[in-house]
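K.L.:
Dropping in start.cif, which is mmCIF, C-alpha atoms and all ligand atoms:
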data_input
#
loop_
_atom_site.label_atom_id
_atom_site.label_comp_id
_atom_site.auth_asym_id
_atom_site.auth_seq_id
_atom_site.Cartn_x
_atom_site.Cartn_y
_atom_site.Cartn_z
CA MET H 1 -13.94 21.78 3.74
CA LEU H 2 -12.57 19.49 1.08
CA CYS H 3 -15.23 18.43 -1.42
CA ILE H 4 -14.73 15.35 -3.62
CA TYR H 5 -16.84 15.12 -6.77
CA GLY H 6 -17.21 11.58 -8.03
CA SER H 7 -18.62 8.26 -6.96
CA ALA H 8 -16.37 5.56 -5.49
CA SER H 9 -17.22 3.49 -8.55
CA SER H 10 -15.35 6.03 -10.71
CA ARG H 11 -11.68 7.01 -10.64
CA ALA H 12 -12.63 9.00 -7.54
CA VAL H 13 -11.99 5.77 -5.60
CA ARG H 14 -8.30 6.72 -5.82
CA VAL H 15 -8.88 10.04 -4.07
CA ILE H 16 -11.21 8.50 -1.49
CA TRP H 17 -8.43 6.03 -0.66
CA MET H 18 -5.90 8.86 -0.29
CA VAL H 19 -8.23 10.92 1.89
CA GLY H 20 -8.68 7.84 4.09
CA GLU H 21 -4.90 7.49 4.44
CA LEU H 22 -4.69 11.14 5.46
CA GLY H 23 -7.61 10.88 7.89
CA LEU H 24 -9.41 13.86 6.33
CA SER H 25 -13.11 14.45 6.49
CA PHE H 26 -14.76 15.56 3.28
CA GLU H 27 -18.00 16.43 1.63
CA HIS H 28 -18.85 13.87 -1.01
CA LYS H 29 -20.71 14.59 -4.22
CA ASP H 30 -21.40 10.95 -4.94
CA TRP H 31 -21.94 11.37 -8.67
CA LEU H 32 -21.45 8.73 -11.33
CA PRO H 33 -19.51 9.63 -14.48
CA ARG H 34 -21.76 11.56 -16.88
CA ALA H 35 -24.47 11.91 -14.18
CA PRO H 36 -26.74 14.89 -14.88
CA GLU H 37 -24.97 16.89 -12.15
CA THR H 38 -21.70 16.68 -14.12
CA LEU H 39 -23.39 18.27 -17.13
CA THR H 40 -24.42 21.46 -15.34
CA PRO H 41 -22.73 24.82 -15.99
CA GLU H 42 -21.82 24.92 -12.28
CA PHE H 43 -19.81 21.71 -12.49
CA ARG H 44 -18.38 22.57 -15.92
CA ALA H 45 -17.07 25.79 -14.35
CA LEU H 46 -15.09 23.62 -11.94
CA ASN H 47 -13.98 21.10 -14.55
CA ALA H 48 -14.52 22.01 -18.18
CA ASN H 49 -14.01 18.32 -19.06
CA GLY H 50 -17.00 17.38 -16.93
CA ARG H 51 -15.05 14.50 -15.43
CA VAL H 52 -14.67 12.98 -12.01
CA PRO H 53 -12.79 13.03 -9.77
CA THR H 54 -12.53 16.75 -9.21
CA ILE H 55 -11.93 18.37 -5.85
CA ASN H 56 -12.64 21.76 -4.35
CA ASP H 57 -10.29 22.29 -1.44
CA GLY H 58 -11.43 25.51 0.20
CA GLY H 59 -11.74 27.25 -3.18
CA PHE H 60 -8.79 25.51 -4.84
CA VAL H 61 -10.20 23.39 -7.65
CA LEU H 62 -8.22 20.49 -9.07
CA ALA H 63 -8.91 17.65 -11.49
CA GLU H 64 -6.96 14.53 -12.50
CA SER H 65 -6.83 11.81 -9.85
CA MET H 66 -3.03 11.47 -9.86
CA ALA H 67 -2.47 15.22 -9.46
CA ILE H 68 -5.11 15.39 -6.72
CA ASN H 69 -3.44 12.63 -4.71
CA LEU H 70 0.03 14.12 -5.09
CA TYR H 71 -1.33 17.51 -4.01
CA LEU H 72 -3.25 16.19 -0.98
CA ALA H 73 -0.36 14.05 0.28
CA LYS H 74 2.11 16.94 -0.09
CA LYS H 75 -0.22 19.55 1.41
CA HIS H 76 -0.85 17.43 4.49
CA GLN H 77 2.86 16.54 4.85
CA SER H 78 1.99 12.89 4.80
CA PRO H 79 4.73 10.28 5.27
CA LEU H 80 3.33 8.89 2.00
CA TYR H 81 4.79 11.92 0.20
CA PRO H 82 8.57 11.64 -0.37
CA VAL H 83 10.69 14.48 1.03
CA ASP H 84 13.64 13.63 -1.22
CA PRO H 85 13.17 15.48 -4.56
CA LYS H 86 14.39 12.45 -6.49
CA LYS H 87 11.82 10.20 -4.87
CA GLU H 88 9.20 12.91 -5.36
CA ALA H 89 10.06 12.92 -9.07
CA LEU H 90 9.82 9.14 -9.16
CA ALA H 91 6.34 9.33 -7.60
CA VAL H 92 5.31 11.68 -10.41
CA GLN H 93 7.00 9.40 -12.94
CA TRP H 94 5.07 6.32 -11.79
CA SER H 95 1.80 8.25 -11.70
CA LEU H 96 2.27 9.51 -15.27
CA TRP H 97 3.49 6.12 -16.42
CA GLU H 98 0.35 4.44 -15.13
CA THR H 99 -1.86 6.99 -16.84
CA ASP H 100 -0.06 6.38 -20.12
CA ARG H 101 0.52 2.63 -20.06
CA LEU H 102 -2.27 1.07 -18.00
CA ASP H 103 -5.11 3.35 -17.01
CA ARG H 104 -7.53 2.84 -19.90
CA GLN H 105 -5.93 -0.43 -21.04
CA ILE H 106 -6.76 -2.33 -17.84
CA VAL H 107 -10.28 -0.90 -17.76
CA ASN H 108 -10.90 -1.87 -21.39
CA TYR H 109 -9.49 -5.32 -20.83
CA VAL H 110 -11.62 -6.21 -17.80
CA ARG H 111 -14.78 -4.51 -19.02
CA HIS H 112 -14.71 -6.24 -22.39
CA LEU H 113 -13.59 -9.55 -20.90
CA LYS H 114 -16.28 -9.85 -18.24
CA ALA H 115 -17.54 -6.71 -16.54
CA LEU H 116 -19.87 -5.41 -19.23
CA PRO H 117 -23.17 -7.16 -20.00
CA GLU H 118 -22.34 -9.93 -22.47
CA ALA H 119 -24.04 -8.24 -25.41
CA GLU H 120 -21.86 -5.15 -25.02
CA ARG H 121 -18.52 -6.96 -24.79
CA LYS H 122 -16.11 -6.69 -27.69
CA PRO H 123 -13.48 -9.43 -27.51
CA GLU H 124 -11.25 -7.56 -29.97
CA ILE H 125 -11.06 -4.59 -27.57
CA ALA H 126 -10.15 -6.94 -24.70
CA ALA H 127 -7.47 -8.63 -26.84
CA ALA H 128 -5.92 -5.33 -27.99
CA ALA H 129 -5.91 -4.01 -24.41
CA TRP H 130 -4.30 -7.20 -23.08
CA LYS H 131 -1.42 -6.77 -25.53
CA GLU H 132 -0.63 -3.49 -23.78
CA VAL H 133 -1.39 -4.64 -20.25
CA VAL H 134 1.08 -7.56 -20.34
CA PRO H 135 4.25 -5.50 -21.00
CA ALA H 136 3.14 -2.93 -18.43
CA PHE H 137 2.62 -5.67 -15.83
CA ASP H 138 6.10 -6.96 -16.75
CA VAL H 139 7.53 -3.50 -15.98
CA LEU H 140 5.84 -3.49 -12.57
CA GLU H 141 6.93 -7.07 -11.89
CA SER H 142 10.53 -6.20 -12.53
CA ALA H 143 10.41 -2.98 -10.44
CA LEU H 144 8.71 -4.77 -7.56
CA GLY H 145 11.28 -7.57 -7.74
CA ARG H 146 13.89 -4.95 -6.80
CA SER H 147 12.05 -3.41 -3.85
CA LYS H 148 8.90 -4.15 -1.87
CA TYR H 149 7.27 -0.90 -2.97
CA LEU H 150 7.84 1.29 -6.01
CA LEU H 151 10.11 3.77 -4.22
CA GLY H 152 11.77 1.36 -1.78
CA ASP H 153 10.79 -0.28 1.49
CA ASP H 154 7.78 1.90 2.25
CA PHE H 155 4.32 2.41 0.81
CA THR H 156 4.07 5.88 -0.75
CA VAL H 157 1.77 7.96 -2.95
CA ALA H 158 3.45 6.28 -5.95
CA ASP H 159 2.09 2.91 -4.84
CA LEU H 160 -1.29 4.36 -3.97
CA ASN H 161 -1.66 6.03 -7.36
CA VAL H 162 -0.64 2.99 -9.38
CA ALA H 163 -2.36 0.32 -7.26
CA SER H 164 -5.60 2.29 -6.94
CA ALA H 165 -5.70 2.72 -10.71
CA LEU H 166 -5.34 -1.05 -11.03
CA PHE H 167 -8.63 -1.65 -9.23
CA ARG H 168 -9.88 -3.72 -12.17
CA ALA H 169 -6.84 -5.99 -11.91
CA LEU H 170 -8.13 -7.21 -8.54
CA SER H 171 -10.53 -9.42 -10.48
CA ILE H 172 -7.92 -11.14 -12.64
CA ASP H 173 -5.35 -13.84 -11.99
CA LEU H 174 -1.98 -12.18 -11.39
CA SER H 175 -0.08 -15.36 -10.49
CA ALA H 176 2.15 -14.97 -13.57
CA TRP H 177 3.45 -11.76 -11.90
CA PRO H 178 4.11 -12.84 -8.28
CA HIS H 179 5.73 -9.60 -7.11
CA LEU H 180 2.94 -7.53 -8.63
CA ASP H 181 0.39 -9.88 -7.08
CA ALA H 182 1.93 -9.59 -3.58
CA TRP H 183 2.22 -5.81 -3.92
CA MET H 184 -1.42 -5.46 -5.03
CA LYS H 185 -2.49 -7.49 -2.00
CA ALA H 186 -0.32 -5.39 0.34
CA CYS H 187 -1.58 -2.10 -1.10
CA TRP H 188 -5.25 -3.04 -1.29
CA GLY H 189 -5.05 -4.67 2.15
CA ARG H 190 -4.52 -1.28 3.78
CA PRO H 191 -7.51 -0.13 5.87
CA ALA H 192 -8.03 3.04 3.80
CA ALA H 193 -8.03 0.98 0.61
CA GLN H 194 -10.52 -1.50 2.00
CA LYS H 195 -12.81 1.31 3.08
CA ALA H 196 -12.67 2.90 -0.38
CA ARG H 197 -13.29 -0.48 -1.99
CA ALA H 198 -16.27 -1.15 0.27
CA MET H 199 -17.77 2.17 -0.84
CA ARG H 200 -17.24 1.10 -4.43
CA ASP H 201 -18.65 -2.39 -3.95
CA LYS H 202 -21.76 -0.96 -2.27
CA LYS H 203 -22.73 0.70 -5.57
N1 LIG G 301 -7.34 11.13 -16.23
C1 LIG G 301 -8.53 11.42 -15.48
C2 LIG G 301 -9.67 10.59 -16.03
C3 LIG G 301 -11.01 11.03 -15.47
C4 LIG G 301 -12.13 10.25 -16.11
O1 LIG G 301 -12.07 9.87 -17.30
N2 LIG G 301 -13.17 10.02 -15.34
C5 LIG G 301 -14.32 9.32 -15.85
C6 LIG G 301 -14.94 8.45 -14.77
S1 LIG G 301 -13.84 7.23 -14.14
C7 LIG G 301 -15.38 10.32 -16.27
O2 LIG G 301 -15.67 11.25 -15.54
N3 LIG G 301 -15.97 10.12 -17.45
C8 LIG G 301 -16.99 10.98 -17.93
C9 LIG G 301 -16.96 11.12 -19.42
O3 LIG G 301 -16.27 10.33 -20.06
O4 LIG G 301 -17.63 12.02 -19.92
C10 LIG G 301 -8.27 11.13 -13.98
O5 LIG G 301 -7.44 10.26 -13.68
O6 LIG G 301 -8.89 11.77 -13.13
#
Take the structure I supplied and represent it as structure tokens, if you would.
Ligand SMILES: N[C@@H](CCC(=O)N[C@@H](CS)C(=O)NCC(=O)O)C(=O)O
P.N.:
Amino acid sequence: MLCIYGSASSRAVRVIWMVGELGLSFEHKDWLPRAPETLTPEFRALNANGRVPTINDGGFVLAESMAINLYLAKKHQSPLYPVDPKKEALAVQWSLWETDRLDRQIVNYVRHLKALPEAERKPEIAAAAWKEVVPAFDVLESALGRSKYLLGDDFTVADLNVASALFRALSIDLSAWPHLDAWMKACWGRPAAQKARAMRDKK
């Protein structure tokens, strides 16, 4: 059986969302980042970085949330996974782009703006992150002004990977980016997304 290592309040929320879209059952190691279980030699043998999410799919071990979601959608021949090699490449492109341009930036921005206890917030970190978030949001706004979803008319793994990674953006005002705002609502309004979010909010 598929095993997902990582609590829904970590980047594992992305994989939990994907697994919900695919209708798969899974064993869940509901571990927080840096939890003692992630420090054990057993877990380090699965992921030498000690990070979550990691999956073990019947003996096949994989880390990196974006790679995991691309793998699961392709393996299960999901309609979320593009058949056309060009669209497949674009799904990889958007996943890598998010990791480079937004992944840590949006987390740093929201954590240091409001999510961390006040004494731990560093406004300079929030300000520096925002300077990178704005142009990345502009890129998404312009792409989503051309089509409803990143690869065209339909929701795909590209949307899931980027929108799920923008979890923190759900708590900020996106009205300056109306297409991005509408797309976030459409993506996060999906039943599998809501279920993953509820697991996260329960924490
Ligand atoms: N690029 C990785 C990032 C994984 C990652 O940094 N996970 C965090 C939790 S969200 C973690 O396990 N941190 C533990 C640590 O920093 O030691 C992915 O997308 O899966």
K.L.:
List all protein, DNA and RNA residues that have any atom at most 10 Å from ligand LIG 301 (chain G), counting all atoms listed in the file, and write the list as an NGL selection string.
P.N.:
:H and (5-15 or 31-35 or 38-39 or 49-54 or 62-68 or 95-96 or 98-100 or 103-104 or 107 or 161 or 165)
K.L.:
Which is closer to Tyr71 of chain H than all the others in H:Met18, H:Phe26, H:Val139, H:Ile172, using only C-alpha atoms?
P.N.:
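Ranked by minimum distance to Tyr71 of chain H, first place goes to H:Met18.
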K.L.:
Give me, as a PyMOL selection string, all polymer residues having an atom no more than 6 Å from segment 79-84 of chain H, counting all atoms listed in the file and skipping those fewer than 5 positions away in the same chain.
P.N.:
chain H and resi 73-74+156-157
K.L.:
Could you tell me which of H:Ala182, H:Cys3, H:Leu166, H:Gly20 comes closest to Val133 of chain H if we count only C-alpha atoms?
P.N.:
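Checking each of H:Ala182, H:Cys3, H:Leu166, H:Gly20 against Val133 of chain H, counting only C-alpha atoms, the winner is H:Leu166.
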K.L.:
Atom CA of Arg168 of chain H and atom CA of Leu102 of chain H, how far apart in Å?
P.N.:
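Here the two named atoms are 10.7 Å from each other.
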K.L.:
Name the closest residue to Pro135 of chain H among the candidates H:His179, H:Arg101, H:Lys29, H:His112; distances are taken between atoms, counting only C-alpha atoms.
P.N.:
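Closest residue, counting only C-alpha atoms: H:Arg101.
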K.L.:
Could you tell me how far atom CA of Gln194 of chain H lies from atom CA of Ala89 of chain H, in Å and to one decimal?
P.N.:
27.5 Å
K.L.:
With distances taken over only C-alpha atoms, which of H:Leu70, H:Ala163, H:Glu27, H:Ser171 is nearest to Leu113 of chain H?
P.N.:
H:Ser171
K.L.:
Would you list the residues near (-1.6, -5.2, 0.5) (no more than 12 Å away, in the coordinates of the file, using all atoms listed in the file) as a compact mmCIF listing (two decimals) with C-alpha atoms, in the frame of the given file?
P.N.:
# COMPACT_ATOMS: atom_id res chain seq x y z
CA LYS H 148 8.90 -4.15 -1.87
CA TYR H 149 7.27 -0.90 -2.97
CA ASP H 154 7.78 1.90 2.25
CA PHE H 155 4.32 2.41 0.81
CA ASP H 159 2.09 2.91 -4.84
CA LEU H 160 -1.29 4.36 -3.97
CA ALA H 163 -2.36 0.32 -7.26
CA SER H 164 -5.60 2.29 -6.94
CA LEU H 170 -8.13 -7.21 -8.54
CA HIS H 179 5.73 -9.60 -7.11
CA LEU H 180 2.94 -7.53 -8.63
CA ASP H 181 0.39 -9.88 -7.08
CA ALA H 182 1.93 -9.59 -3.58
CA TRP H 183 2.22 -5.81 -3.92
CA MET H 184 -1.42 -5.46 -5.03
CA LYS H 185 -2.49 -7.49 -2.00
CA ALA H 186 -0.32 -5.39 0.34
CA CYS H 187 -1.58 -2.10 -1.10
CA TRP H 188 -5.25 -3.04 -1.29
CA GLY H 189 -5.05 -4.67 2.15
CA ARG H 190 -4.52 -1.28 3.78
CA PRO H 191 -7.51 -0.13 5.87
CA ALA H 192 -8.03 3.04 3.80
CA ALA H 193 -8.03 0.98 0.61
CA GLN H 194 -10.52 -1.50 2.00
K.L.:
With a distance cut-off of 7 Å and all atoms listed in the file, select the neighbouring residues of Ala126 of chain H, excluding the residue or stretch itself and same-chain residues fewer than 2 positions from it, and output the selection as a ChimeraX atom specification.
P.N.:
/H:108-109,112-113,122-124,128-130
K.L.:
Counting only C-alpha atoms, which residue out of H:Asp57, H:Asp173, H:Glu118, H:Asp138 sits closest to Leu24 of chain H?
P.N.:
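Looking only at the distances to Leu24 of chain H, the closest residue turns out to be H:Asp57.
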